Amino acid sequence: MKKIELLKNLGLSEQEIKVYLSLIERGASLVSNIARDTKLHRPTIYQSLTKLSNKGLITVSPKGNQKLYSAESPEKLAFIFDSLKEDLELLLPELNQIYEKKNLRAVKKRGRIFHPNHHNRQIILMLTH
């Protein structure tokens, strides 16, 4: 269960996960074998195979008039993670800037008006005595 959640967190759909795990467990396979293993419909499998190929997680090789699909090393998953991490690191300064502007405005707004309540009175009494 944990591996499925982790793979989802890396951006794989449930169908892509089923197809990828089938290829890891079975080895190079035809679509008919993947369909038997995963219980997915062929159009869904073809969509998943295309997405997995675009992510660099599988390779396709001809076998007569059919195609044989193979999983790449799971080390490629680490590459996806590293790419996501790099993208996030590039985005963080912009997000932090937006966050800081918003929070500074919120602090200024909160700083203008003081609404005394029971808890504030207790804190003020404790600090002044």
# chains A, B, ... in the order shown; residues from 1 in each chain; ligands from 1
>>> residues_around(residues="Leu68 of chain A", least_positions_apart="5", cutoff="7 Å", atoms="only C-alpha atoms", output="PDB file with all heavy atoms, in the first residue's frame")
ATOM      1  N   ALA A  28       9.498  -7.813 -19.726  1.00  0.00           N
ATOM      2  CA  ALA A  28       9.005  -7.360 -21.023  1.00  0.00           C
ATOM      3  C   ALA A  28       7.704  -8.079 -21.371  1.00  0.00           C
ATOM      4  O   ALA A  28       7.608  -9.301 -21.244  1.00  0.00           O
ATOM      5  CB  ALA A  28      10.058  -7.607 -22.096  1.00  0.00           C
ATOM      6  N   SER A  29       6.713  -7.292 -21.792  1.00  0.00           N
ATOM      7  CA  SER A  29       5.376  -7.861 -22.021  1.00  0.00           C
ATOM      8  C   SER A  29       4.673  -7.223 -23.199  1.00  0.00           C
ATOM      9  O   SER A  29       4.910  -6.066 -23.534  1.00  0.00           O
ATOM     10  CB  SER A  29       4.485  -7.652 -20.787  1.00  0.00           C
ATOM     11  OG  SER A  29       5.019  -8.251 -19.654  1.00  0.00           O
ATOM     12  N   LEU A  30       3.777  -7.988 -23.767  1.00  0.00           N
ATOM     13  CA  LEU A  30       2.846  -7.480 -24.767  1.00  0.00           C
ATOM     14  C   LEU A  30       1.655  -6.867 -24.040  1.00  0.00           C
ATOM     15  O   LEU A  30       1.401  -7.168 -22.867  1.00  0.00           O
ATOM     16  CB  LEU A  30       2.361  -8.617 -25.665  1.00  0.00           C
ATOM     17  CG  LEU A  30       3.425  -9.367 -26.462  1.00  0.00           C
ATOM     18  CD1 LEU A  30       2.825 -10.611 -27.110  1.00  0.00           C
ATOM     19  CD2 LEU A  30       4.030  -8.446 -27.514  1.00  0.00           C
ATOM     20  N   VAL A  60       9.962   0.762 -25.396  1.00  0.00           N
ATOM     21  CA  VAL A  60       9.152  -0.006 -26.351  1.00  0.00           C
ATOM     22  C   VAL A  60      10.086  -0.558 -27.405  1.00  0.00           C
ATOM     23  O   VAL A  60      10.941   0.163 -27.930  1.00  0.00           O
ATOM     24  CB  VAL A  60       8.091   0.895 -27.025  1.00  0.00           C
ATOM     25  CG1 VAL A  60       7.186   0.073 -27.919  1.00  0.00           C
ATOM     26  CG2 VAL A  60       7.294   1.675 -25.994  1.00  0.00           C
ATOM     27  N   SER A  61       9.917  -1.840 -27.699  1.00  0.00           N
ATOM     28  CA  SER A  61      10.716  -2.431 -28.772  1.00  0.00           C
ATOM     29  C   SER A  61       9.812  -3.297 -29.640  1.00  0.00           C
ATOM     30  O   SER A  61       8.867  -3.917 -29.148  1.00  0.00           O
ATOM     31  CB  SER A  61      11.880  -3.247 -28.196  1.00  0.00           C
ATOM     32  OG  SER A  61      11.413  -4.199 -27.272  1.00  0.00           O
ATOM     33  N   PRO A  62      10.083  -3.328 -30.936  1.00  0.00           N
ATOM     34  CA  PRO A  62       9.240  -4.133 -31.837  1.00  0.00           C
ATOM     35  C   PRO A  62       9.469  -5.626 -31.632  1.00  0.00           C
ATOM     36  O   PRO A  62      10.576  -6.070 -31.333  1.00  0.00           O
ATOM     37  CB  PRO A  62       9.674  -3.684 -33.229  1.00  0.00           C
ATOM     38  CG  PRO A  62      11.026  -3.097 -33.051  1.00  0.00           C
ATOM     39  CD  PRO A  62      11.137  -2.616 -31.645  1.00  0.00           C
ATOM     40  N   LYS A  63       8.373  -6.363 -31.754  1.00  0.00           N
ATOM     41  CA  LYS A  63       8.451  -7.822 -31.713  1.00  0.00           C
ATOM     42  C   LYS A  63       7.529  -8.312 -32.829  1.00  0.00           C
ATOM     43  O   LYS A  63       6.333  -8.477 -32.631  1.00  0.00           O
ATOM     44  CB  LYS A  63       8.009  -8.378 -30.371  1.00  0.00           C
ATOM     45  CG  LYS A  63       8.111  -9.889 -30.299  1.00  0.00           C
ATOM     46  CD  LYS A  63       7.636 -10.436 -28.982  1.00  0.00           C
ATOM     47  CE  LYS A  63       7.769 -11.949 -29.017  1.00  0.00           C
ATOM     48  NZ  LYS A  63       7.184 -12.576 -27.857  1.00  0.00           N
TER      49      LYS A  63
END
>>> residues_around(residues="segment 20-27 of chain A", least_positions_apart="3", cutoff="10 Å", atoms="only C-alpha atoms", output="list in words")
Ile4, Leu12, Glu14, Gln15, Glu16, Ile17, Leu30, Asn33, Ile34, Ala35, Arg36, Asp37, Thr38, Ser48, Leu49, Leu52, Leu57, Ile58, Leu68, Tyr69, Ser70, Ala71, Glu72, Ser73 and Pro74 of chain A
>>> atom_distance(atom1="atom CA of Glu5 of chain A", atom2="atom CA of Pro43 of chain A")
23.8 Å
>>> atom_distance(atom1="atom CA of Gly64 of chain A", atom2="atom CA of Lys18 of chain A")
25.6 Å
>>> residues_around(residues="Leu10 of chain A", least_positions_apart="5", cutoff="9 Å", atoms="only C-alpha atoms", output="PyMOL selection string")
chain A and resi 5+77+80-81+84
>>> write_last_selection(atoms="N, CA and C atoms", output="compact mmCIF listing (two decimals), in the first residue's frame")
# COMPACT_ATOMS: atom_id res chain seq x y z
N GLU A 5 1.02 4.66 -2.78
CA GLU A 5 0.89 6.06 -2.38
C GLU A 5 2.13 6.86 -2.77
N LEU A 77 12.75 6.50 -11.11
CA LEU A 77 11.81 7.17 -10.21
C LEU A 77 12.55 8.23 -9.39
N ILE A 80 12.78 11.30 -11.41
CA ILE A 80 11.53 12.08 -11.39
C ILE A 80 11.46 12.90 -10.11
N PHE A 81 11.79 12.27 -8.99
CA PHE A 81 11.77 12.97 -7.71
C PHE A 81 12.74 14.15 -7.72
N LEU A 84 11.35 16.97 -9.78
CA LEU A 84 10.29 17.68 -9.05
C LEU A 84 10.89 18.58 -7.97
>>> atom_distance(atom1="atom CA of Ala78 of chain A", atom2="atom CA of Lys39 of chain A")
27.7 Å
>>> select_by_dssp(residues="segment 16-111 of chain A", states="alpha helix (DSSP H)", output="MDAnalysis selection string")
chainID A and resid 16:26 31:38 42:54 75:111
>>> write_last_selection(atoms="C-alpha atoms", output="mmCIF file, in the first residue's frame")
data_model
loop_
_atom_site.group_PDB
_atom_site.id
_atom_site.type_symbol
_atom_site.label_atom_id
_atom_site.label_comp_id
_atom_site.auth_asym_id
_atom_site.auth_seq_id
_atom_site.Cartn_x
_atom_site.Cartn_y
_atom_site.Cartn_z
ATOM 1 C CA GLU A 16 0.100 3.935 -14.681
ATOM 2 C CA ILE A 17 1.120 2.355 -11.382
ATOM 3 C CA LYS A 18 -0.652 -0.910 -12.215
ATOM 4 C CA VAL A 19 0.973 -1.051 -15.650
ATOM 5 C CA TYR A 20 4.429 -0.116 -14.352
ATOM 6 C CA LEU A 21 4.316 -2.641 -11.504
ATOM 7 C CA SER A 22 3.118 -5.328 -13.914
ATOM 8 C CA LEU A 23 6.109 -4.648 -16.164
ATOM 9 C CA ILE A 24 8.512 -4.702 -13.225
ATOM 10 C CA GLU A 25 7.116 -7.990 -11.921
ATOM 11 C CA ARG A 26 6.621 -9.748 -15.263
ATOM 12 C CA VAL A 31 -0.276 -5.403 -24.142
ATOM 13 C CA SER A 32 -2.332 -8.603 -23.920
ATOM 14 C CA ASN A 33 -0.201 -9.794 -20.976
ATOM 15 C CA ILE A 34 -0.421 -6.426 -19.257
ATOM 16 C CA ALA A 35 -4.221 -6.473 -19.684
ATOM 17 C CA ARG A 36 -4.396 -9.932 -18.124
ATOM 18 C CA ASP A 37 -2.236 -8.864 -15.157
ATOM 19 C CA THR A 38 -3.832 -5.503 -14.466
ATOM 20 C CA ARG A 42 -6.564 -1.931 -23.557
ATOM 21 C CA PRO A 43 -7.245 1.755 -24.361
ATOM 22 C CA THR A 44 -6.406 2.598 -20.733
ATOM 23 C CA ILE A 45 -3.237 0.515 -20.976
ATOM 24 C CA TYR A 46 -2.159 2.257 -24.177
ATOM 25 C CA GLN A 47 -2.728 5.668 -22.556
ATOM 26 C CA SER A 48 -0.739 4.598 -19.500
ATOM 27 C CA LEU A 49 2.069 3.184 -21.628
ATOM 28 C CA THR A 50 2.327 6.453 -23.558
ATOM 29 C CA LYS A 51 2.499 8.472 -20.330
ATOM 30 C CA LEU A 52 5.029 6.087 -18.776
ATOM 31 C CA SER A 53 7.140 6.281 -21.925
ATOM 32 C CA ASN A 54 7.006 10.092 -21.856
ATOM 33 C CA GLU A 75 16.170 4.288 -10.324
ATOM 34 C CA LYS A 76 14.376 6.411 -12.933
ATOM 35 C CA LEU A 77 11.815 7.173 -10.210
ATOM 36 C CA ALA A 78 14.572 8.910 -8.272
ATOM 37 C CA PHE A 79 15.210 11.029 -11.349
ATOM 38 C CA ILE A 80 11.534 12.079 -11.390
ATOM 39 C CA PHE A 81 11.766 12.971 -7.709
ATOM 40 C CA ASP A 82 14.952 14.981 -8.253
ATOM 41 C CA SER A 83 13.337 16.831 -11.164
ATOM 42 C CA LEU A 84 10.293 17.683 -9.048
ATOM 43 C CA LYS A 85 12.547 18.843 -6.238
ATOM 44 C CA GLU A 86 14.550 21.080 -8.589
ATOM 45 C CA ASP A 87 11.342 22.565 -10.003
ATOM 46 C CA LEU A 88 10.060 23.240 -6.495
ATOM 47 C CA GLU A 89 13.332 24.888 -5.471
ATOM 48 C CA LEU A 90 13.020 27.220 -8.477
ATOM 49 C CA LEU A 91 9.420 28.044 -7.542
ATOM 50 C CA LEU A 92 9.959 28.552 -3.803
ATOM 51 C CA PRO A 93 11.393 32.109 -3.961
ATOM 52 C CA GLU A 94 8.371 33.313 -5.916
ATOM 53 C CA LEU A 95 5.942 31.542 -3.584
ATOM 54 C CA ASN A 96 7.739 32.882 -0.507
ATOM 55 C CA GLN A 97 7.585 36.407 -1.910
ATOM 56 C CA ILE A 98 3.816 36.134 -2.434
ATOM 57 C CA TYR A 99 3.400 34.588 1.012
ATOM 58 C CA GLU A 100 5.427 37.303 2.745
ATOM 59 C CA LYS A 101 3.534 40.122 0.999
ATOM 60 C CA LYS A 102 0.200 38.603 1.952
ATOM 61 C CA ASN A 103 1.230 37.965 5.552
ATOM 62 C CA LEU A 104 2.730 41.443 5.984
ATOM 63 C CA ARG A 105 -0.575 42.932 4.855
ATOM 64 C CA ALA A 106 -2.460 40.632 7.216
ATOM 65 C CA VAL A 107 -0.171 41.566 10.142
ATOM 66 C CA LYS A 108 -0.609 45.268 9.391
ATOM 67 C CA LYS A 109 -4.374 44.849 9.257
ATOM 68 C CA ARG A 110 -4.394 42.901 12.502
ATOM 69 C CA GLY A 111 -2.049 45.419 14.124
#
>>> decode(residues="segment 17-117 of chain A", atoms="C-alpha atoms", output="PDB file, in the first residue's frame")
ATOM      1  CA  ILE A  17       1.120   2.355 -11.382  1.00  0.00           C
ATOM      2  CA  LYS A  18      -0.652  -0.910 -12.215  1.00  0.00           C
ATOM      3  CA  VAL A  19       0.973  -1.051 -15.650  1.00  0.00           C
ATOM      4  CA  TYR A  20       4.429  -0.116 -14.352  1.00  0.00           C
ATOM      5  CA  LEU A  21       4.316  -2.641 -11.504  1.00  0.00           C
ATOM      6  CA  SER A  22       3.118  -5.328 -13.914  1.00  0.00           C
ATOM      7  CA  LEU A  23       6.109  -4.648 -16.164  1.00  0.00           C
ATOM      8  CA  ILE A  24       8.512  -4.702 -13.225  1.00  0.00           C
ATOM      9  CA  GLU A  25       7.116  -7.990 -11.921  1.00  0.00           C
ATOM     10  CA  ARG A  26       6.621  -9.748 -15.263  1.00  0.00           C
ATOM     11  CA  GLY A  27       9.393  -8.217 -17.348  1.00  0.00           C
ATOM     12  CA  ALA A  28       9.005  -7.360 -21.023  1.00  0.00           C
ATOM     13  CA  SER A  29       5.376  -7.861 -22.021  1.00  0.00           C
ATOM     14  CA  LEU A  30       2.846  -7.480 -24.767  1.00  0.00           C
ATOM     15  CA  VAL A  31      -0.276  -5.403 -24.142  1.00  0.00           C
ATOM     16  CA  SER A  32      -2.332  -8.603 -23.920  1.00  0.00           C
ATOM     17  CA  ASN A  33      -0.201  -9.794 -20.976  1.00  0.00           C
ATOM     18  CA  ILE A  34      -0.421  -6.426 -19.257  1.00  0.00           C
ATOM     19  CA  ALA A  35      -4.221  -6.473 -19.684  1.00  0.00           C
ATOM     20  CA  ARG A  36      -4.396  -9.932 -18.124  1.00  0.00           C
ATOM     21  CA  ASP A  37      -2.236  -8.864 -15.157  1.00  0.00           C
ATOM     22  CA  THR A  38      -3.832  -5.503 -14.466  1.00  0.00           C
ATOM     23  CA  LYS A  39      -7.466  -6.179 -15.458  1.00  0.00           C
ATOM     24  CA  LEU A  40      -7.421  -2.806 -17.254  1.00  0.00           C
ATOM     25  CA  HIS A  41      -8.991  -2.178 -20.655  1.00  0.00           C
ATOM     26  CA  ARG A  42      -6.564  -1.931 -23.557  1.00  0.00           C
ATOM     27  CA  PRO A  43      -7.245   1.755 -24.361  1.00  0.00           C
ATOM     28  CA  THR A  44      -6.406   2.598 -20.733  1.00  0.00           C
ATOM     29  CA  ILE A  45      -3.237   0.515 -20.976  1.00  0.00           C
ATOM     30  CA  TYR A  46      -2.159   2.257 -24.177  1.00  0.00           C
ATOM     31  CA  GLN A  47      -2.728   5.668 -22.556  1.00  0.00           C
ATOM     32  CA  SER A  48      -0.739   4.598 -19.500  1.00  0.00           C
ATOM     33  CA  LEU A  49       2.069   3.184 -21.628  1.00  0.00           C
ATOM     34  CA  THR A  50       2.327   6.453 -23.558  1.00  0.00           C
ATOM     35  CA  LYS A  51       2.499   8.472 -20.330  1.00  0.00           C
ATOM     36  CA  LEU A  52       5.029   6.087 -18.776  1.00  0.00           C
ATOM     37  CA  SER A  53       7.140   6.281 -21.925  1.00  0.00           C
ATOM     38  CA  ASN A  54       7.006  10.092 -21.856  1.00  0.00           C
ATOM     39  CA  LYS A  55       8.203   9.971 -18.240  1.00  0.00           C
ATOM     40  CA  GLY A  56      11.075   7.681 -19.237  1.00  0.00           C
ATOM     41  CA  LEU A  57       9.858   4.781 -17.110  1.00  0.00           C
ATOM     42  CA  ILE A  58       9.376   2.239 -19.909  1.00  0.00           C
ATOM     43  CA  THR A  59      10.857   1.377 -23.273  1.00  0.00           C
ATOM     44  CA  VAL A  60       9.152  -0.006 -26.351  1.00  0.00           C
ATOM     45  CA  SER A  61      10.716  -2.431 -28.772  1.00  0.00           C
ATOM     46  CA  PRO A  62       9.240  -4.133 -31.837  1.00  0.00           C
ATOM     47  CA  LYS A  63       8.451  -7.822 -31.713  1.00  0.00           C
ATOM     48  CA  GLY A  64       7.299  -8.809 -35.189  1.00  0.00           C
ATOM     49  CA  ASN A  65       4.166  -6.797 -35.862  1.00  0.00           C
ATOM     50  CA  GLN A  66       3.591  -6.177 -32.141  1.00  0.00           C
ATOM     51  CA  LYS A  67       5.310  -4.050 -29.516  1.00  0.00           C
ATOM     52  CA  LEU A  68       7.084  -5.315 -26.434  1.00  0.00           C
ATOM     53  CA  TYR A  69       7.030  -3.033 -23.404  1.00  0.00           C
ATOM     54  CA  SER A  70       9.706  -3.112 -20.691  1.00  0.00           C
ATOM     55  CA  ALA A  71      10.065  -1.224 -17.431  1.00  0.00           C
ATOM     56  CA  GLU A  72      13.153   0.892 -16.989  1.00  0.00           C
ATOM     57  CA  SER A  73      15.095   0.610 -13.763  1.00  0.00           C
ATOM     58  CA  PRO A  74      13.212   1.914 -10.722  1.00  0.00           C
ATOM     59  CA  GLU A  75      16.170   4.288 -10.324  1.00  0.00           C
ATOM     60  CA  LYS A  76      14.376   6.411 -12.933  1.00  0.00           C
ATOM     61  CA  LEU A  77      11.815   7.173 -10.210  1.00  0.00           C
ATOM     62  CA  ALA A  78      14.572   8.910  -8.272  1.00  0.00           C
ATOM     63  CA  PHE A  79      15.210  11.029 -11.349  1.00  0.00           C
ATOM     64  CA  ILE A  80      11.534  12.079 -11.390  1.00  0.00           C
ATOM     65  CA  PHE A  81      11.766  12.971  -7.709  1.00  0.00           C
ATOM     66  CA  ASP A  82      14.952  14.981  -8.253  1.00  0.00           C
ATOM     67  CA  SER A  83      13.337  16.831 -11.164  1.00  0.00           C
ATOM     68  CA  LEU A  84      10.293  17.683  -9.048  1.00  0.00           C
ATOM     69  CA  LYS A  85      12.547  18.843  -6.238  1.00  0.00           C
ATOM     70  CA  GLU A  86      14.550  21.080  -8.589  1.00  0.00           C
ATOM     71  CA  ASP A  87      11.342  22.565 -10.003  1.00  0.00           C
ATOM     72  CA  LEU A  88      10.060  23.240  -6.495  1.00  0.00           C
ATOM     73  CA  GLU A  89      13.332  24.888  -5.471  1.00  0.00           C
ATOM     74  CA  LEU A  90      13.020  27.220  -8.477  1.00  0.00           C
ATOM     75  CA  LEU A  91       9.420  28.044  -7.542  1.00  0.00           C
ATOM     76  CA  LEU A  92       9.959  28.552  -3.803  1.00  0.00           C
ATOM     77  CA  PRO A  93      11.393  32.109  -3.961  1.00  0.00           C
ATOM     78  CA  GLU A  94       8.371  33.313  -5.916  1.00  0.00           C
ATOM     79  CA  LEU A  95       5.942  31.542  -3.584  1.00  0.00           C
ATOM     80  CA  ASN A  96       7.739  32.882  -0.507  1.00  0.00           C
ATOM     81  CA  GLN A  97       7.585  36.407  -1.910  1.00  0.00           C
ATOM     82  CA  ILE A  98       3.816  36.134  -2.434  1.00  0.00           C
ATOM     83  CA  TYR A  99       3.400  34.588   1.012  1.00  0.00           C
ATOM     84  CA  GLU A 100       5.427  37.303   2.745  1.00  0.00           C
ATOM     85  CA  LYS A 101       3.534  40.122   0.999  1.00  0.00           C
ATOM     86  CA  LYS A 102       0.200  38.603   1.952  1.00  0.00           C
ATOM     87  CA  ASN A 103       1.230  37.965   5.552  1.00  0.00           C
ATOM     88  CA  LEU A 104       2.730  41.443   5.984  1.00  0.00           C
ATOM     89  CA  ARG A 105      -0.575  42.932   4.855  1.00  0.00           C
ATOM     90  CA  ALA A 106      -2.460  40.632   7.216  1.00  0.00           C
ATOM     91  CA  VAL A 107      -0.171  41.566  10.142  1.00  0.00           C
ATOM     92  CA  LYS A 108      -0.609  45.268   9.391  1.00  0.00           C
ATOM     93  CA  LYS A 109      -4.374  44.849   9.257  1.00  0.00           C
ATOM     94  CA  ARG A 110      -4.394  42.901  12.502  1.00  0.00           C
ATOM     95  CA  GLY A 111      -2.049  45.419  14.124  1.00  0.00           C
ATOM     96  CA  ARG A 112      -4.390  48.363  13.587  1.00  0.00           C
ATOM     97  CA  ILE A 113      -7.324  46.974  15.520  1.00  0.00           C
ATOM     98  CA  PHE A 114      -7.129  45.429  18.954  1.00  0.00           C
ATOM     99  CA  HIS A 115     -10.143  43.437  20.047  1.00  0.00           C
ATOM    100  CA  PRO A 116      -9.902  42.761  23.758  1.00  0.00           C
ATOM    101  CA  ASN A 117     -11.358  39.502  24.912  1.00  0.00           C
TER     102      ASN A 117
END
